[in-house]
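Student: Pasting a structure below so you can have a look.
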Amino acid sequence: MGGRAPTPGYVVMLRPDFPSGMAQGTPREGSIQVHLPRDVPLERVHQTPVLARILAHEYLHTWGRERGEDLRSSEAPEAGGEMRWFGEGFIHYLSHLVLLRSGELDLPGFLAALGRELAAVKQNPWYGRSSLTEASERFFEDGDARALSYGGGMLVAFLCDLELRSRGQGPLERFLDGVPPGKPLTRQAQWLEVWARKTGSPEPVATWLRARAPLPFEEALTRAGGTLMEKERRGHDARREYVIQAAEQSLLGELMR
């Protein structure tokens with residue numbers, strides 16, 4: 001994806017220093033720190049999907065960087081804030097693809113993760129009233145904007161993957177090989193130029209990123225051979241949940257390959 005990993009090997013440090021139910025990773029050149037809940041014994045961490053998901057996510061953050069390039073861990077605003085939907089959301093999607101391809105997740109498990117993100121995005125107060133670009137620009141200032149950058153970016157990555165595959169232009173990873181390696185893109189226009197060179201037009205991605213409207217997730221899912229069902233909510237405050245189903249012979253099933 002966009003070049004190469006900056007080092008041939010990594011040191012992984014497991015740090016049980018987070019509250020219950022929380023986990024996070026920090027990438028460095030040649031190492032990854034994983035902050036885990038204090039109440040989960042380290043010898044049992046590998047039995048949960050959390051560790052594999054975080055490692056995949058943080059490892060992909062280092063991919064395509066030039067050797068010696070600083071990997072930011074600061075939460076200070078930075079140039080390219082409008083690209084957080086890509087820097088976090090696409091990585092979020094690709095990390096789940098890594099788990100799917102490696103066998104850590106099966107197709108139903110992958111689609112379940114996608115359904116959870118869809119539910120979270122639909123319940124996000126920014127969704128439908130602000131664009132994904134606008135949410136990305138407020139990444140460090142607003143928790144809901146940050147959440148939408150991750151979840152909305154993951155959904156856009158999924159839509160891009162389906163769009164490319166439906167055109168016969170291969171998977172998303174092949175497209176990302178055309179994104180210049182080294183320093184991450186800091187302007188959305190640059191990214192859309194790469195997409196236009198591949199497909200002939202910046203659309204429909206430009207609209208997905210800039211419009212203050214819901215993403216065409218359900219329509220794309222149906223065209224790809226999937227079905228979306230909302231689980232019955234029990235109780236007044238029950239959160240929305242979705243179930244996504246698809247056969248391995250469908251376009252969605254091709255995500256496994």
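Identifiers for the structure tokens are assigned positionally: chains receive A, B, ... in sequence, residues are indexed from 1 per chain, and ligands are indexed from 1 in the order shown.
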Env of stretch 240-247 of chain A: 6 Å cut, atoms = only C-alpha atoms, seq-sep filter 2 positions within chain, self excluded. Answer as a list in words.
Tutor: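 Residues near the query, excluding close chain neighbours: Leu111, Gly115, Ala119, Gly226, Thr227, Leu228, Met229, Glu230, Lys231, Gln249 and Ser250 of chain A.
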Student: Hey, can you spit out that residue selection with all heavy atoms as a PDB file, in the first residue's frame?
Tutor:
```pdb
ATOM      1  N   LEU A 111     -18.199  -8.478   8.359  1.00  0.00           N
ATOM      2  CA  LEU A 111     -19.432  -7.738   8.083  1.00  0.00           C
ATOM      3  C   LEU A 111     -20.091  -7.257   9.372  1.00  0.00           C
ATOM      4  O   LEU A 111     -20.732  -6.200   9.395  1.00  0.00           O
ATOM      5  CB  LEU A 111     -20.395  -8.615   7.281  1.00  0.00           C
ATOM      6  CG  LEU A 111     -19.913  -9.006   5.876  1.00  0.00           C
ATOM      7  CD1 LEU A 111     -20.911  -9.950   5.211  1.00  0.00           C
ATOM      8  CD2 LEU A 111     -19.684  -7.774   5.006  1.00  0.00           C
ATOM      9  N   GLY A 115     -21.076  -3.519  10.245  1.00  0.00           N
ATOM     10  CA  GLY A 115     -22.404  -3.156  10.733  1.00  0.00           C
ATOM     11  C   GLY A 115     -22.349  -2.313  11.994  1.00  0.00           C
ATOM     12  O   GLY A 115     -23.143  -1.379  12.168  1.00  0.00           O
ATOM     13  N   ALA A 119     -23.813   1.521  12.389  1.00  0.00           N
ATOM     14  CA  ALA A 119     -24.728   1.937  13.456  1.00  0.00           C
ATOM     15  C   ALA A 119     -24.175   3.145  14.207  1.00  0.00           C
ATOM     16  O   ALA A 119     -24.905   4.101  14.495  1.00  0.00           O
ATOM     17  CB  ALA A 119     -24.961   0.770  14.416  1.00  0.00           C
ATOM     18  N   GLY A 226     -25.202  -7.869  -0.958  1.00  0.00           N
ATOM     19  CA  GLY A 226     -25.385  -7.959   0.486  1.00  0.00           C
ATOM     20  C   GLY A 226     -26.782  -7.531   0.906  1.00  0.00           C
ATOM     21  O   GLY A 226     -27.517  -6.900   0.140  1.00  0.00           O
ATOM     22  N   THR A 227     -27.143  -7.883   2.108  1.00  0.00           N
ATOM     23  CA  THR A 227     -28.415  -7.452   2.685  1.00  0.00           C
ATOM     24  C   THR A 227     -28.146  -6.819   4.041  1.00  0.00           C
ATOM     25  O   THR A 227     -27.240  -7.234   4.769  1.00  0.00           O
ATOM     26  CB  THR A 227     -29.393  -8.628   2.863  1.00  0.00           C
ATOM     27  OG1 THR A 227     -28.787  -9.631   3.708  1.00  0.00           O
ATOM     28  CG2 THR A 227     -29.746  -9.244   1.522  1.00  0.00           C
ATOM     29  N   LEU A 228     -28.933  -5.803   4.353  1.00  0.00           N
ATOM     30  CA  LEU A 228     -28.789  -5.078   5.611  1.00  0.00           C
ATOM     31  C   LEU A 228     -30.095  -5.170   6.384  1.00  0.00           C
ATOM     32  O   LEU A 228     -31.159  -4.847   5.859  1.00  0.00           O
ATOM     33  CB  LEU A 228     -28.441  -3.613   5.339  1.00  0.00           C
ATOM     34  CG  LEU A 228     -28.288  -2.709   6.563  1.00  0.00           C
ATOM     35  CD1 LEU A 228     -27.038  -3.071   7.350  1.00  0.00           C
ATOM     36  CD2 LEU A 228     -28.239  -1.241   6.137  1.00  0.00           C
ATOM     37  N   MET A 229     -29.995  -5.622   7.615  1.00  0.00           N
ATOM     38  CA  MET A 229     -31.173  -5.715   8.469  1.00  0.00           C
ATOM     39  C   MET A 229     -30.878  -5.037   9.796  1.00  0.00           C
ATOM     40  O   MET A 229     -29.778  -5.175  10.338  1.00  0.00           O
ATOM     41  CB  MET A 229     -31.550  -7.180   8.712  1.00  0.00           C
ATOM     42  CG  MET A 229     -31.965  -7.938   7.458  1.00  0.00           C
ATOM     43  SD  MET A 229     -32.302  -9.678   7.807  1.00  0.00           S
ATOM     44  CE  MET A 229     -30.645 -10.269   8.190  1.00  0.00           C
ATOM     45  N   GLU A 230     -31.852  -4.305  10.285  1.00  0.00           N
ATOM     46  CA  GLU A 230     -31.705  -3.684  11.596  1.00  0.00           C
ATOM     47  C   GLU A 230     -32.263  -4.621  12.655  1.00  0.00           C
ATOM     48  O   GLU A 230     -33.380  -5.134  12.521  1.00  0.00           O
ATOM     49  CB  GLU A 230     -32.431  -2.344  11.655  1.00  0.00           C
ATOM     50  CG  GLU A 230     -32.216  -1.612  12.972  1.00  0.00           C
ATOM     51  CD  GLU A 230     -32.809  -0.216  12.979  1.00  0.00           C
ATOM     52  OE1 GLU A 230     -33.320   0.224  11.932  1.00  0.00           O
ATOM     53  OE2 GLU A 230     -32.758   0.433  14.045  1.00  0.00           O
ATOM     54  N   LYS A 231     -31.460  -4.858  13.691  1.00  0.00           N
ATOM     55  CA  LYS A 231     -31.919  -5.704  14.782  1.00  0.00           C
ATOM     56  C   LYS A 231     -33.041  -5.012  15.546  1.00  0.00           C
ATOM     57  O   LYS A 231     -33.085  -3.784  15.645  1.00  0.00           O
ATOM     58  CB  LYS A 231     -30.765  -5.998  15.752  1.00  0.00           C
ATOM     59  CG  LYS A 231     -29.748  -6.997  15.249  1.00  0.00           C
ATOM     60  CD  LYS A 231     -28.745  -7.299  16.357  1.00  0.00           C
ATOM     61  CE  LYS A 231     -27.725  -8.329  15.917  1.00  0.00           C
ATOM     62  NZ  LYS A 231     -26.751  -8.631  17.008  1.00  0.00           N
ATOM     63  N   GLN A 249     -19.789 -15.963  -2.693  1.00  0.00           N
ATOM     64  CA  GLN A 249     -19.720 -15.864  -4.149  1.00  0.00           C
ATOM     65  C   GLN A 249     -20.088 -14.468  -4.652  1.00  0.00           C
ATOM     66  O   GLN A 249     -19.993 -14.192  -5.842  1.00  0.00           O
ATOM     67  CB  GLN A 249     -20.665 -16.894  -4.800  1.00  0.00           C
ATOM     68  CG  GLN A 249     -20.260 -18.346  -4.591  1.00  0.00           C
ATOM     69  CD  GLN A 249     -20.529 -18.836  -3.180  1.00  0.00           C
ATOM     70  OE1 GLN A 249     -21.452 -18.352  -2.517  1.00  0.00           O
ATOM     71  NE2 GLN A 249     -19.727 -19.781  -2.714  1.00  0.00           N
ATOM     72  N   SER A 250     -20.506 -13.587  -3.766  1.00  0.00           N
ATOM     73  CA  SER A 250     -20.899 -12.236  -4.164  1.00  0.00           C
ATOM     74  C   SER A 250     -19.674 -11.334  -4.257  1.00  0.00           C
ATOM     75  O   SER A 250     -18.551 -11.727  -3.925  1.00  0.00           O
ATOM     76  CB  SER A 250     -21.883 -11.660  -3.140  1.00  0.00           C
ATOM     77  OG  SER A 250     -21.235 -11.474  -1.894  1.00  0.00           O
TER      78      SER A 250
END
```
Student: Which neighbours of A:Leu209 fall inside 9 Å, counting only C-alpha atoms, when residues of the same chain fewer than 3 positions from it are skipped, and could you give them as a list of chain:residue names?
Tutor: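 Close residues of A:Leu209: A:Trp85, A:Ser131, A:Leu132, A:Thr133, A:Glu134, A:Gly153, A:Val156, A:Pro204, A:Val205, A:Ala206, A:Arg212.
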Student: Deliver the residues from the most recent selection as a file, using N, CA, C and O atoms, as a PDB file, in the first residue's frame.
Tutor:
```
ATOM      1  N   TRP A  85     -10.169  11.553   7.636  1.00  0.00           N
ATOM      2  CA  TRP A  85     -11.046  10.473   7.181  1.00  0.00           C
ATOM      3  C   TRP A  85     -10.228   9.391   6.476  1.00  0.00           C
ATOM      4  O   TRP A  85     -10.585   8.208   6.515  1.00  0.00           O
ATOM      5  N   SER A 131     -20.171  17.516   6.563  1.00  0.00           N
ATOM      6  CA  SER A 131     -19.482  16.602   5.655  1.00  0.00           C
ATOM      7  C   SER A 131     -18.365  15.876   6.396  1.00  0.00           C
ATOM      8  O   SER A 131     -17.936  16.286   7.481  1.00  0.00           O
ATOM      9  N   LEU A 132     -17.891  14.813   5.791  1.00  0.00           N
ATOM     10  CA  LEU A 132     -16.785  14.068   6.384  1.00  0.00           C
ATOM     11  C   LEU A 132     -15.516  14.921   6.414  1.00  0.00           C
ATOM     12  O   LEU A 132     -14.719  14.838   7.354  1.00  0.00           O
ATOM     13  N   THR A 133     -15.349  15.759   5.410  1.00  0.00           N
ATOM     14  CA  THR A 133     -14.211  16.678   5.397  1.00  0.00           C
ATOM     15  C   THR A 133     -14.281  17.638   6.578  1.00  0.00           C
ATOM     16  O   THR A 133     -13.277  17.882   7.267  1.00  0.00           O
ATOM     17  N   GLU A 134     -15.452  18.191   6.828  1.00  0.00           N
ATOM     18  CA  GLU A 134     -15.618  19.125   7.944  1.00  0.00           C
ATOM     19  C   GLU A 134     -15.377  18.437   9.281  1.00  0.00           C
ATOM     20  O   GLU A 134     -14.760  19.012  10.187  1.00  0.00           O
ATOM     21  N   GLY A 153     -14.949   7.422   7.635  1.00  0.00           N
ATOM     22  CA  GLY A 153     -13.837   7.106   6.740  1.00  0.00           C
ATOM     23  C   GLY A 153     -13.786   5.633   6.399  1.00  0.00           C
ATOM     24  O   GLY A 153     -13.481   5.248   5.264  1.00  0.00           O
ATOM     25  N   VAL A 156     -16.468   5.003   3.791  1.00  0.00           N
ATOM     26  CA  VAL A 156     -16.047   5.497   2.476  1.00  0.00           C
ATOM     27  C   VAL A 156     -15.005   4.559   1.867  1.00  0.00           C
ATOM     28  O   VAL A 156     -15.021   4.293   0.656  1.00  0.00           O
ATOM     29  N   PRO A 204     -17.492   9.150  -7.648  1.00  0.00           N
ATOM     30  CA  PRO A 204     -18.405   9.741  -6.664  1.00  0.00           C
ATOM     31  C   PRO A 204     -17.753  10.087  -5.327  1.00  0.00           C
ATOM     32  O   PRO A 204     -18.419  10.563  -4.424  1.00  0.00           O
ATOM     33  N   VAL A 205     -16.439   9.855  -5.221  1.00  0.00           N
ATOM     34  CA  VAL A 205     -15.788  10.022  -3.922  1.00  0.00           C
ATOM     35  C   VAL A 205     -15.846  11.471  -3.445  1.00  0.00           C
ATOM     36  O   VAL A 205     -16.061  11.734  -2.257  1.00  0.00           O
ATOM     37  N   ALA A 206     -15.668  12.423  -4.359  1.00  0.00           N
ATOM     38  CA  ALA A 206     -15.695  13.831  -3.959  1.00  0.00           C
ATOM     39  C   ALA A 206     -17.011  14.179  -3.270  1.00  0.00           C
ATOM     40  O   ALA A 206     -17.031  14.894  -2.261  1.00  0.00           O
ATOM     41  N   ARG A 212     -23.054  17.167   2.722  1.00  0.00           N
ATOM     42  CA  ARG A 212     -23.654  17.012   4.050  1.00  0.00           C
ATOM     43  C   ARG A 212     -24.896  16.141   3.917  1.00  0.00           C
ATOM     44  O   ARG A 212     -26.019  16.578   4.164  1.00  0.00           O
TER      45      ARG A 212
END
```
Student: What are the DSSP helix (DSSP H, G or I) residues of stretch 82-201 of chain A, as a ChimeraX atom specification?
Tutor: /A:82-102,107-122,132-137,143-166,172-176,188-199
Student: So, counting only C-alpha atoms, which residue among A:Glu173, A:Glu43, A:Asp144, A:Glu203 is closest to A:Ser95?
Tutor: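 Among the listed residues, the smallest separation from A:Ser95 belongs to A:Glu173.
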Student: For A:Gly9, which of A:Arg129, A:Arg38, A:Lys122, A:Arg28 is the closest residue, counting only C-alpha atoms?
Tutor: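 Under the stated criterion, the closest residue is A:Arg28.
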